[in-house]
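Structure file run.cif with mmCIF, C-alpha atoms:
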data_upload
loop_
_atom_site.label_atom_id
_atom_site.label_comp_id
_atom_site.auth_asym_id
_atom_site.auth_seq_id
_atom_site.Cartn_x
_atom_site.Cartn_y
_atom_site.Cartn_z
CA LEU A 1 -28.00 -36.61 -72.26
CA VAL A 2 -29.78 -35.38 -69.12
CA LEU A 3 -27.12 -32.76 -68.49
CA ARG A 4 -27.27 -31.63 -72.11
CA ARG A 5 -31.03 -31.25 -71.92
CA LEU A 6 -30.77 -29.40 -68.63
CA ALA A 7 -28.16 -27.04 -70.09
CA ARG A 8 -30.34 -26.45 -73.14
CA ALA A 9 -33.39 -25.78 -70.95
CA LEU A 10 -31.44 -23.30 -68.86
CA GLU A 11 -30.15 -21.55 -71.95
CA VAL A 12 -33.71 -21.22 -73.26
CA LEU A 13 -34.89 -19.95 -69.89
CA GLY A 14 -32.04 -17.47 -69.75
CA GLY A 15 -32.76 -16.24 -73.25
CA ALA A 16 -29.44 -17.43 -74.67
CA GLU A 17 -31.24 -19.82 -77.02
CA PRO A 18 -34.53 -19.29 -78.86
CA LEU A 19 -37.61 -21.22 -77.83
CA PRO A 20 -37.79 -24.62 -79.51
CA PRO A 21 -40.27 -24.57 -82.43
CA TRP A 22 -42.70 -26.97 -80.75
CA LEU A 23 -42.99 -24.53 -77.83
CA ALA A 24 -42.82 -21.27 -79.77
CA THR A 25 -45.78 -22.18 -81.96
CA ARG A 26 -47.81 -23.62 -79.13
CA ARG A 27 -50.96 -21.81 -78.08
CA GLY A 28 -50.38 -19.95 -74.83
CA ALA A 29 -46.60 -19.72 -75.30
CA GLY A 30 -46.90 -15.92 -75.13
CA LEU A 31 -48.67 -16.17 -71.80
CA VAL A 32 -45.99 -18.41 -70.32
CA LEU A 33 -43.20 -16.25 -71.70
CA GLY A 34 -44.77 -13.05 -70.35
CA ALA A 35 -45.22 -14.60 -66.91
CA TRP A 36 -41.63 -15.80 -66.99
CA TRP A 37 -40.35 -12.33 -67.89
CA ALA A 38 -42.34 -10.89 -64.99
CA CYS A 39 -40.80 -13.46 -62.63
CA LEU A 40 -37.32 -12.56 -63.85
CA PHE A 41 -38.02 -8.85 -63.48
CA LEU A 42 -39.23 -9.27 -59.92
CA LEU A 43 -36.31 -11.53 -58.99
CA VAL A 44 -33.87 -8.94 -60.33
CA LEU A 45 -35.68 -6.17 -58.43
CA ALA A 46 -35.66 -8.14 -55.18
CA PHE A 47 -31.95 -8.89 -55.32
CA ALA A 48 -30.67 -5.76 -57.06
CA GLY A 49 -30.72 -3.37 -54.13
CA ARG A 50 -28.75 -2.87 -51.04
CA ALA A 51 -30.00 -3.02 -47.49
CA THR A 52 -29.90 0.29 -45.68
CA LYS A 53 -28.19 0.79 -42.37
CA PHE A 54 -30.88 2.86 -40.79
CA VAL A 55 -34.15 1.15 -41.40
CA TYR A 56 -36.86 1.08 -38.85
CA VAL A 57 -39.55 -0.50 -40.93
CA ASP A 58 -42.12 -2.95 -39.71
CA PHE A 59 -42.24 -4.82 -42.96
CA MET B 1 -42.02 -16.98 -81.77
CA THR B 2 -44.62 -15.08 -83.78
CA ALA B 3 -45.21 -11.33 -83.53
CA ARG B 4 -48.57 -12.08 -81.96
CA GLY B 5 -46.90 -14.29 -79.36
CA LEU B 6 -44.42 -11.55 -78.47
CA LEU B 7 -47.23 -9.03 -78.15
CA VAL B 8 -49.13 -11.37 -75.83
CA ALA B 9 -45.98 -11.95 -73.75
CA THR B 10 -45.39 -8.19 -73.43
CA LEU B 11 -48.99 -7.57 -72.40
CA VAL B 12 -48.83 -10.39 -69.84
CA LEU B 13 -45.58 -8.91 -68.48
CA LEU B 14 -47.08 -5.44 -68.09
CA LEU B 15 -50.31 -6.76 -66.61
CA THR B 16 -48.48 -8.97 -64.11
CA LEU B 17 -46.21 -6.13 -63.04
CA GLY B 18 -49.21 -3.84 -62.72
CA CYS B 19 -50.99 -6.34 -60.48
CA VAL B 20 -47.86 -6.96 -58.39
CA ASP B 21 -47.31 -3.20 -58.09
CA PHE B 22 -50.88 -2.74 -56.85
CA ALA B 23 -50.71 -5.59 -54.35
CA PHE B 24 -47.22 -4.68 -53.15
CA GLY B 25 -48.25 -1.04 -52.72
CA ARG B 26 -51.23 -2.02 -50.58
CA TYR B 27 -49.09 -4.32 -48.46
CA ALA B 28 -46.31 -1.74 -48.14
CA ARG B 29 -48.70 1.02 -47.05
CA ALA B 30 -50.24 -1.28 -44.45
CA HIS B 31 -46.88 -2.28 -42.96
CA PHE B 32 -44.64 0.73 -43.56
CA LEU B 33 -43.81 2.18 -40.15
CA PRO B 34 -43.91 5.88 -41.18
CA GLU B 35 -47.34 5.25 -42.72
CA THR B 36 -48.74 3.76 -39.52
CA GLN B 37 -47.16 6.57 -37.49
CA PHE B 38 -48.75 9.10 -39.82
CA ARG B 39 -52.18 7.48 -39.40
CA THR B 40 -51.70 7.53 -35.64
CA ALA B 41 -50.84 11.23 -35.82
CA LEU B 42 -54.09 11.88 -37.68
CA THR B 43 -56.10 10.29 -34.87
CA LYS B 44 -54.70 12.69 -32.29
CA GLY B 45 -56.95 15.58 -33.25
CA LYS B 46 -57.54 18.44 -35.65
CA ALA B 47 -55.41 21.29 -34.32
CA CYS B 48 -52.55 19.63 -32.52
CA VAL B 49 -49.05 20.60 -31.60
CA VAL B 50 -47.12 18.78 -34.32
CA THR B 51 -43.58 17.58 -33.80
CA LEU B 52 -41.36 17.02 -36.81
CA GLY B 53 -37.80 15.84 -37.24
CA ASP B 54 -35.69 12.72 -37.55
CA SER B 55 -35.04 9.88 -35.11
CA ARG B 56 -33.56 12.32 -32.60
CA MET B 57 -36.90 14.09 -32.37
CA LEU B 58 -38.78 10.80 -32.44
CA VAL B 59 -37.09 9.59 -29.26
CA GLY B 60 -36.74 13.06 -27.79
CA ILE B 61 -40.48 13.55 -27.39
CA ASP B 62 -41.89 11.42 -24.61
CA GLY B 63 -45.48 10.74 -25.62
CA GLU B 64 -46.75 10.92 -22.05
CA VAL B 65 -44.52 13.52 -20.44
CA PHE B 66 -44.75 16.19 -23.16
CA PRO B 67 -48.58 16.57 -23.28
CA ALA B 68 -48.74 16.24 -19.49
CA GLU B 69 -46.15 18.98 -19.00
CA LEU B 70 -47.94 21.20 -21.50
CA ALA B 71 -51.14 20.71 -19.51
CA ARG B 72 -49.28 21.43 -16.26
CA HIS B 73 -48.26 24.78 -17.75
CA GLY B 74 -51.84 25.51 -18.67
CA VAL B 75 -51.68 24.49 -22.30
CA ASP B 76 -54.39 22.05 -23.31
CA ALA B 77 -53.33 20.67 -26.69
CA CYS B 78 -53.14 17.32 -28.43
CA VAL B 79 -49.70 16.28 -29.68
CA ALA B 80 -49.17 14.61 -33.06
CA GLN B 81 -45.78 13.06 -33.74
CA LEU B 82 -44.69 13.33 -37.39
CA ALA B 83 -40.98 12.76 -36.82
CA ILE B 84 -39.56 9.96 -38.95
CA GLY B 85 -36.67 7.83 -37.75
CA GLY B 86 -34.05 7.82 -40.47
CA GLY B 87 -36.04 10.42 -42.37
CA THR B 88 -34.05 13.13 -44.08
CA GLY B 89 -35.32 16.67 -44.48
CA GLU B 90 -36.89 15.72 -47.80
CA ALA B 91 -38.97 13.05 -46.06
CA GLN B 92 -39.90 15.39 -43.23
CA TYR B 93 -41.09 18.03 -45.67
CA ALA B 94 -43.16 15.43 -47.55
CA ALA B 95 -44.74 14.29 -44.27
CA LEU B 96 -45.66 17.80 -43.18
CA ARG B 97 -47.05 18.70 -46.59
CA ARG B 98 -49.17 15.54 -46.64
CA TYR B 99 -50.47 16.35 -43.17
CA VAL B 100 -51.28 19.95 -44.02
CA GLU B 101 -52.30 19.92 -47.67
CA ASP B 102 -53.56 16.40 -48.35
CA GLU B 103 -55.21 15.83 -44.98
CA GLY B 104 -56.25 19.46 -44.48
CA ARG B 105 -54.83 19.73 -40.96
CA THR B 106 -53.50 23.00 -39.60
CA PRO B 107 -51.12 22.44 -36.69
CA ARG B 108 -51.61 24.76 -33.75
CA LEU B 109 -47.85 24.85 -33.49
CA LEU B 110 -45.12 23.08 -35.42
CA ILE B 111 -42.10 22.10 -33.37
CA TRP B 112 -39.37 21.18 -35.78
CA GLY B 113 -36.36 19.46 -34.30
CA ILE B 114 -33.60 20.23 -36.72
CA ASN B 115 -29.93 20.39 -35.91
CA ALA B 116 -27.43 22.17 -38.09
CA ASP B 117 -26.13 18.86 -39.45
CA ALA B 118 -29.59 18.09 -40.88
CA ALA B 119 -30.02 21.51 -42.47
CA VAL B 120 -26.85 21.42 -44.53
CA PRO B 121 -27.55 21.94 -48.23
CA ARG B 122 -26.90 18.64 -49.92
CA LEU B 123 -27.87 17.05 -53.19
CA ARG B 124 -29.13 13.66 -52.11
CA PRO B 125 -29.23 11.03 -54.86
CA PRO B 126 -32.48 9.01 -55.06
CA ASP B 127 -30.47 5.94 -53.93
CA GLU B 128 -30.63 7.40 -50.44
CA PHE B 129 -34.43 7.45 -50.36
CA THR B 130 -34.50 3.98 -48.86
CA GLY B 131 -35.89 2.43 -45.70
CA ASN B 132 -38.06 4.90 -43.81
CA ASN B 133 -36.70 7.56 -46.09
CA ALA B 134 -38.78 5.99 -48.88
CA VAL B 135 -41.31 8.54 -47.65
CA ALA B 136 -39.42 11.04 -49.81
CA LEU B 137 -40.55 8.97 -52.82
CA ALA B 138 -43.87 7.52 -51.72
CA TRP B 139 -45.29 10.82 -50.43
CA SER B 140 -43.64 13.00 -53.03
CA ARG B 141 -45.03 14.97 -55.93
CA ALA B 142 -43.50 15.10 -59.39
CA SER B 143 -42.81 18.81 -58.87
CA ASP B 144 -40.45 17.92 -56.00
CA VAL B 145 -37.84 17.08 -58.60
CA THR B 146 -36.88 20.74 -58.90
CA LEU B 147 -36.85 21.13 -55.13
CA HIS B 148 -34.45 18.24 -54.58
CA TYR B 149 -32.47 18.76 -57.77
CA PRO B 150 -32.38 22.47 -58.58
CA GLY B 151 -32.11 23.32 -62.25
CA PHE B 152 -33.64 20.02 -63.47
CA PRO B 153 -33.68 19.12 -66.36
CA PHE B 154 -30.85 21.40 -67.39
CA ALA B 155 -28.82 20.51 -64.32
CA ASN B 156 -28.77 17.39 -62.13
CA PHE B 157 -30.59 15.54 -64.93
CA ASP B 158 -29.46 12.05 -63.94
CA ASP B 159 -30.53 12.28 -60.29
CA GLY B 160 -33.73 14.10 -61.21
CA PHE B 161 -34.70 11.55 -63.82
CA ARG B 162 -33.99 8.65 -61.47
CA PHE B 163 -36.07 10.37 -58.80
CA LEU B 164 -39.01 10.66 -61.19
CA ALA B 165 -38.63 7.06 -62.28
CA ALA B 166 -38.31 5.79 -58.70
CA ARG B 167 -41.41 7.61 -57.48
CA SER B 168 -43.54 6.54 -60.44
CA THR B 169 -44.60 3.16 -59.03
CA ASP B 170 -45.09 1.58 -55.62
CA LEU B 171 -42.69 -1.20 -56.55
CA SER B 172 -39.87 1.26 -57.10
CA SER B 173 -40.84 3.61 -54.26
CA TYR B 174 -40.87 0.86 -51.66
CA ALA B 175 -38.25 -1.37 -53.31
CA SER B 176 -35.83 -0.91 -50.42
CA LEU B 177 -38.30 -2.57 -48.07
CA LEU B 178 -38.20 -5.61 -50.30
CA TRP B 179 -34.41 -5.48 -50.32
CA ASN B 180 -34.31 -5.47 -46.54
CA ALA B 181 -36.65 -8.41 -46.33
CA VAL B 182 -34.47 -10.26 -48.84
CA GLN B 183 -31.33 -9.33 -46.93
CA ARG B 184 -32.78 -10.61 -43.67
CA GLY B 185 -33.66 -13.87 -45.43
CA GLN B 186 -30.16 -14.14 -46.86
CA ASP B 187 -28.59 -13.46 -43.46
CA ARG B 188 -30.70 -16.17 -41.89
CA PHE B 189 -29.83 -18.57 -44.69
CA THR B 190 -26.10 -17.90 -44.61
CA ARG B 191 -26.04 -17.13 -40.87
CA SER B 192 -23.77 -14.23 -41.75
CA ALA B 193 -25.36 -11.59 -39.54
CA LYS B 194 -22.78 -10.68 -36.94
CA PRO B 195 -23.96 -10.14 -33.40
CA ALA B 196 -23.42 -6.48 -32.62
CA GLU B 197 -24.75 -3.91 -30.22
CA ARG B 198 -27.94 -2.39 -31.52
CA ASN B 199 -31.02 -0.52 -30.39
CA ARG B 200 -34.35 0.33 -32.01
CA PHE B 201 -32.58 2.56 -34.54
CA GLY B 202 -29.97 0.12 -35.79
CA PHE B 203 -26.39 -0.81 -35.01
CA VAL B 204 -24.59 1.53 -32.65
CA ALA B 205 -21.44 1.22 -34.79
CA ASP B 206 -23.42 2.51 -37.79
CA MET B 207 -24.57 5.50 -35.78
CA ASP B 208 -20.99 6.15 -34.82
CA ALA B 209 -20.06 6.20 -38.50
CA LEU B 210 -23.02 8.45 -39.29
CA GLU B 211 -21.95 10.91 -36.65
CA LYS B 212 -18.44 11.07 -38.14
CA SER B 213 -19.88 11.65 -41.60
CA MET B 214 -21.89 14.61 -40.28
CA ALA B 215 -18.74 16.56 -39.49
CA ARG B 216 -17.40 15.71 -42.95
CA ASP B 217 -20.65 16.82 -44.58
CA LEU B 218 -20.59 20.12 -42.78
CA THR B 219 -17.30 20.89 -44.46
CA ASP B 220 -17.77 19.31 -47.88
CA GLN B 221 -21.43 19.95 -48.55
CA LEU B 222 -21.53 23.50 -47.32
CA VAL B 223 -18.76 24.36 -49.73
CA LYS B 224 -20.86 22.96 -52.58
CA GLY B 225 -23.98 24.59 -51.16
CA GLY B 226 -22.14 27.86 -50.88
CA ARG B 227 -21.36 27.70 -54.58
CA SER B 228 -25.05 27.44 -55.38
CA GLY B 229 -25.83 30.27 -53.00
CA LEU B 230 -27.69 28.08 -50.50
CA ALA B 231 -27.05 28.59 -46.83
CA VAL B 232 -29.49 25.88 -45.75
CA ALA B 233 -31.01 22.90 -47.54
CA SER B 234 -33.89 23.58 -49.90
CA HIS B 235 -36.26 21.43 -47.80
CA VAL B 236 -35.73 23.83 -44.88
CA THR B 237 -36.92 26.80 -46.90
CA ALA B 238 -39.71 24.63 -48.35
CA VAL B 239 -41.00 23.86 -44.84
CA ALA B 240 -40.73 27.53 -43.96
CA GLU B 241 -42.75 28.51 -47.05
CA LEU B 242 -45.36 25.84 -46.36
CA CYS B 243 -45.83 27.10 -42.82
CA LYS B 244 -46.00 30.68 -43.99
CA ALA B 245 -48.61 29.85 -46.63
CA HIS B 246 -50.84 28.08 -44.09
CA GLY B 247 -50.21 30.41 -41.15
CA ILE B 248 -48.58 27.74 -39.01
CA PRO B 249 -46.47 29.06 -36.13
CA VAL B 250 -43.11 27.35 -35.93
CA LEU B 251 -40.77 26.63 -33.08
CA TRP B 252 -37.41 25.49 -34.41
CA VAL B 253 -35.52 23.34 -31.98
CA GLU B 254 -31.88 22.37 -31.96
CA LEU B 255 -31.94 19.03 -30.18
CA PRO B 256 -29.58 18.16 -27.35
CA MET B 257 -26.61 16.08 -28.43
CA PRO B 258 -23.82 14.26 -26.58
CA LYS B 259 -20.61 16.11 -25.75
CA ARG B 260 -18.56 14.53 -28.53
CA HIS B 261 -21.15 15.55 -31.13
CA ARG B 262 -21.25 19.08 -29.76
CA LYS B 263 -17.50 19.29 -30.02
CA GLN B 264 -17.03 17.69 -33.45
CA VAL B 265 -20.17 18.75 -35.28
CA ASP B 266 -22.20 21.45 -33.56
CA SER B 267 -19.29 23.78 -32.90
CA HIS B 268 -18.07 23.54 -36.50
CA PRO B 269 -17.94 27.05 -38.04
CA ASN B 270 -20.32 25.95 -40.79
CA ALA B 271 -22.76 24.57 -38.23
CA VAL B 272 -22.72 27.97 -36.55
CA ARG B 273 -23.46 29.54 -39.92
CA VAL B 274 -26.36 27.17 -40.59
CA ARG B 275 -27.74 27.76 -37.09
CA ALA B 276 -27.70 31.51 -37.67
CA GLU B 277 -29.61 31.03 -40.91
CA LEU B 278 -32.19 28.80 -39.16
CA ALA B 279 -32.67 31.48 -36.50
CA ARG B 280 -33.08 34.11 -39.22
CA LEU B 281 -35.69 31.98 -41.02
CA ALA B 282 -37.53 31.35 -37.75
CA LYS B 283 -37.62 35.07 -37.01
CA GLY B 284 -38.90 35.77 -40.51
CA LEU B 285 -41.80 33.43 -39.84
CA GLY B 286 -42.58 35.13 -36.56
CA GLY B 287 -41.42 32.02 -34.76
CA SER B 288 -38.47 31.32 -32.59
CA PHE B 289 -35.40 29.16 -32.47
CA GLU B 290 -34.67 27.26 -29.29
CA ASN B 291 -31.23 25.80 -28.79
CA PHE B 292 -31.26 22.83 -26.41
CA ASP B 293 -27.80 21.79 -27.40
CA ASP B 294 -26.31 24.12 -24.81
CA ALA B 295 -28.70 23.14 -22.00
CA SER B 296 -27.06 23.05 -18.59
CA TRP B 297 -28.68 19.73 -17.66
CA LEU B 298 -27.03 17.75 -20.47
CA ASP B 299 -25.38 14.70 -19.05
CA PRO B 300 -23.76 11.77 -20.91
CA GLN B 301 -26.04 9.38 -18.99
CA LEU B 302 -29.06 10.90 -20.72
CA PHE B 303 -28.01 9.53 -24.13
CA SER B 304 -28.47 5.96 -25.30
CA ASP B 305 -26.03 6.07 -28.21
CA PRO B 306 -23.88 8.65 -30.09
CA LEU B 307 -26.96 10.41 -31.46
CA HIS B 308 -30.09 9.73 -29.43
CA LEU B 309 -31.48 10.62 -26.06
CA GLY B 310 -32.33 7.72 -23.77
CA ALA B 311 -35.62 7.38 -21.90
CA ASP B 312 -34.51 9.63 -19.01
CA GLY B 313 -33.13 12.19 -21.44
CA ALA B 314 -36.37 12.20 -23.41
CA ARG B 315 -38.40 12.85 -20.26
CA ARG B 316 -36.11 15.69 -19.28
CA PHE B 317 -36.10 17.21 -22.77
CA SER B 318 -39.88 16.87 -23.16
CA ALA B 319 -40.49 18.61 -19.85
CA GLU B 320 -38.06 21.40 -20.71
CA LEU B 321 -39.55 21.81 -24.19
CA ALA B 322 -43.10 22.05 -22.82
CA GLU B 323 -41.94 24.65 -20.34
CA ARG B 324 -40.28 26.76 -23.05
CA VAL B 325 -43.34 26.43 -25.31
CA ALA B 326 -45.55 27.69 -22.52
CA ARG B 327 -43.10 30.42 -21.50
CA ARG B 328 -42.87 31.78 -25.03
CA GLY B 329 -46.64 31.81 -25.34
CA ALA B 330 -46.22 30.00 -28.64
CA LEU B 331 -49.65 28.45 -28.28
CA ALA B 332 -51.53 31.54 -27.25
CA ARG B 333 -54.09 32.41 -29.89
#
In structure tokens, what does this structure look like?
Amino acid sequence: LVLRRLARALEVLGGAEPLPPWLATRRGAGLVLGAWWACLFLLVLAFAGRATKFVYVDF
Amino acid sequence: MTARGLLVATLVLLLTLGCVDFAFGRYARAHFLPETQFRTALTKGKACVVTLGDSRMLVGIDGEVFPAELARHGVDACVAQLAIGGGTGEAQYAALRRYVEDEGRTPRLLIWGINADAAVPRLRPPDEFTGNNAVALAWSRASDVTLHYPGFPFANFDDGFRFLAARSTDLSSYASLLWNAVQRGQDRFTRSAKPAERNRFGFVADMDALEKSMARDLTDQLVKGGRSGLAVASHVTAVAELCKAHGIPVLWVELPMPKRHRKQVDSHPNAVRVRAELARLAKGLGGSFENFDDASWLDPQLFSDPLHLGADGARRFSAELAERVARRGALAR
């Protein structure tokens, strides 16, 4: 049961399944969803590139 | 999810990204090495001798020896270093333009270290504007799209569009800095970074590979450039036009290179052709072209890797450069 719930939660987080009705109709769901999208976007951006060979940045 | 909920989520997404972009941009500008070097250059004075180029010029100019030798030859001038390690011609042009047009500085003399391999006409995809070369995005203007990608939007549309998209935000302009930080973290986590010989410019093996690619570029890219009627890269002519418009005297310098590079790259027939074009451009600007690549004092011991002068080499080159600057009266006005 735990694994099934975890799988379901991951599918919802990944966008493979719609939000459950109790969450979709909840006040503030849009805020949480927007923040989650931003997190995903930034994660993709951070891991989508390639390191350069000649970088002399102090960063 | 209701339509109102989706709208709120979209607005939150855009607002969050906007805030992150703002904060990341501020952080990037405060820690980006070319940015701090540029700010240092601004502190040197109003009408300085400005040096421009890539990492070869950056190490070639000894910050103490060059001004001291200029003074010894009777030239009292501040020296501002605008050379960018790993910076392509596009980045160098953006740096000079920012210095001259945005900051309102007029160099007393521009010394541009540019070897034939860096002046080869080449369409550089925006993917290559990474690391220090992010300058070509961060300090660019939208109009640069036609400079880097001639014929846009009717030709080179894909590269031109990606350039415009990449330069539109700080997050995308400086994204490669984030990638490098992530890569370093991953290497530490997986302990996959192999110990290899490196110096301040990167792995020596990578520089070896870069040097080999230069000879290849001279053949391949000049053929393509020849088709479009370009003898030198568009950023070279852009720098020339910028200097002409602002009355900046230019000394073009072919930097000293190790023997193998001279044999494989600098003596290539296309390199000779590019060098002749650089000399012609210099003459057209009332400047001169100084070739240090055939200097009699060149010794393998003076180089620290396949591309860069070592500390002794930099002192020797700086002294020789100051002497030639004084001899040519390039600063007399």
* Asked: Which one of A:Ala35, A:Phe41, A:Ala9, A:Leu3 sits closest to A:Leu23 if you count only C-alpha atoms?
  -> A:Ala9
* Which residue, B:Leu309, B:Ala3, B:Ala271, B:Val265, has the smallest gap to A:Ala24 when you use all atoms listed in the file? ->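 Closest candidate: B:Ala3.
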Given only C-alpha atoms, how would the per-residue table for chain B near chain A read, listing every residue at most 7 Å away with its closest atom pair and distance in Å to one decimal, sorted by chain and number, as CSV?
residue,atom,partner,partner_atom,distance
B:Met1,CA,A:Ala24,CA,4.8
B:Gly5,CA,A:Gly30,CA,4.5
B:Leu6,CA,A:Gly30,CA,6.0
B:Val8,CA,A:Gly30,CA,5.1
B:Ala9,CA,A:Gly34,CA,3.8
B:Thr10,CA,A:Gly34,CA,5.8
B:Val12,CA,A:Gly34,CA,4.9
B:Leu13,CA,A:Gly34,CA,4.6
B:Thr16,CA,A:Ala38,CA,6.5
B:Leu17,CA,A:Ala38,CA,6.4
B:His31,CA,A:Phe59,CA,5.3
B:Phe32,CA,A:Val57,CA,5.9
B:Leu33,CA,A:Val57,CA,5.1
B:Gly85,CA,A:Tyr56,CA,6.8
B:Gly86,CA,A:Phe54,CA,5.9
B:Thr130,CA,A:Thr52,CA,6.7
B:Gly131,CA,A:Val55,CA,4.8
B:Asn132,CA,A:Val55,CA,5.9
B:Ser176,CA,A:Gly49,CA,6.8
B:Leu177,CA,A:Phe59,CA,6.8
B:Leu178,CA,A:Ala46,CA,6.1
B:Trp179,CA,A:Ala46,CA,5.7
B:Asn180,CA,A:Ala51,CA,5.0
B:Val182,CA,A:Ala46,CA,6.8
B:Gln183,CA,A:Ala51,CA,6.5
B:Phe201,CA,A:Tyr56,CA,6.3
B:Gly202,CA,A:Phe54,CA,5.8
B:Asp206,CA,A:Lys53,CA,6.8
* Asked: Can you tell me, as a PyMOL selection string, what residues are no more than 9 Å from stretch 62-67 of chain B when counting all atoms listed in the file, ignoring any on the same chain fewer than 3 positions away?
  -> chain B and resi 58-59+70-72+75-79+81+311+314-322
Expected file: the selected residues, C-alpha atoms, as a PDB file, in the coordinates of the input:
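So result_11.pdb came out as:
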ATOM      1  CA  LEU B  58     -38.780  10.800 -32.440  1.00  0.00           C
ATOM      2  CA  VAL B  59     -37.090   9.590 -29.260  1.00  0.00           C
ATOM      3  CA  LEU B  70     -47.940  21.200 -21.500  1.00  0.00           C
ATOM      4  CA  ALA B  71     -51.140  20.710 -19.510  1.00  0.00           C
ATOM      5  CA  ARG B  72     -49.280  21.430 -16.260  1.00  0.00           C
ATOM      6  CA  VAL B  75     -51.680  24.490 -22.300  1.00  0.00           C
ATOM      7  CA  ASP B  76     -54.390  22.050 -23.310  1.00  0.00           C
ATOM      8  CA  ALA B  77     -53.330  20.670 -26.690  1.00  0.00           C
ATOM      9  CA  CYS B  78     -53.140  17.320 -28.430  1.00  0.00           C
ATOM     10  CA  VAL B  79     -49.700  16.280 -29.680  1.00  0.00           C
ATOM     11  CA  GLN B  81     -45.780  13.060 -33.740  1.00  0.00           C
ATOM     12  CA  ALA B 311     -35.620   7.380 -21.900  1.00  0.00           C
ATOM     13  CA  ALA B 314     -36.370  12.200 -23.410  1.00  0.00           C
ATOM     14  CA  ARG B 315     -38.400  12.850 -20.260  1.00  0.00           C
ATOM     15  CA  ARG B 316     -36.110  15.690 -19.280  1.00  0.00           C
ATOM     16  CA  PHE B 317     -36.100  17.210 -22.770  1.00  0.00           C
ATOM     17  CA  SER B 318     -39.880  16.870 -23.160  1.00  0.00           C
ATOM     18  CA  ALA B 319     -40.490  18.610 -19.850  1.00  0.00           C
ATOM     19  CA  GLU B 320     -38.060  21.400 -20.710  1.00  0.00           C
ATOM     20  CA  LEU B 321     -39.550  21.810 -24.190  1.00  0.00           C
ATOM     21  CA  ALA B 322     -43.100  22.050 -22.820  1.00  0.00           C
TER      22      ALA B 322
END
* **9 Å contact set for B:His261, only C-alpha atoms, chain neighbours under 5 positions out, as a ChimeraX atom specification** => /B:211-212,215,266-267,306-307
* Asked: What is the distance between atom CA of B:Ser288 and atom CA of B:Phe303, in Å to one decimal?
  ->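 Interatomic distance, atom CA of B:Ser288 to atom CA of B:Phe303: 25.6 Å.
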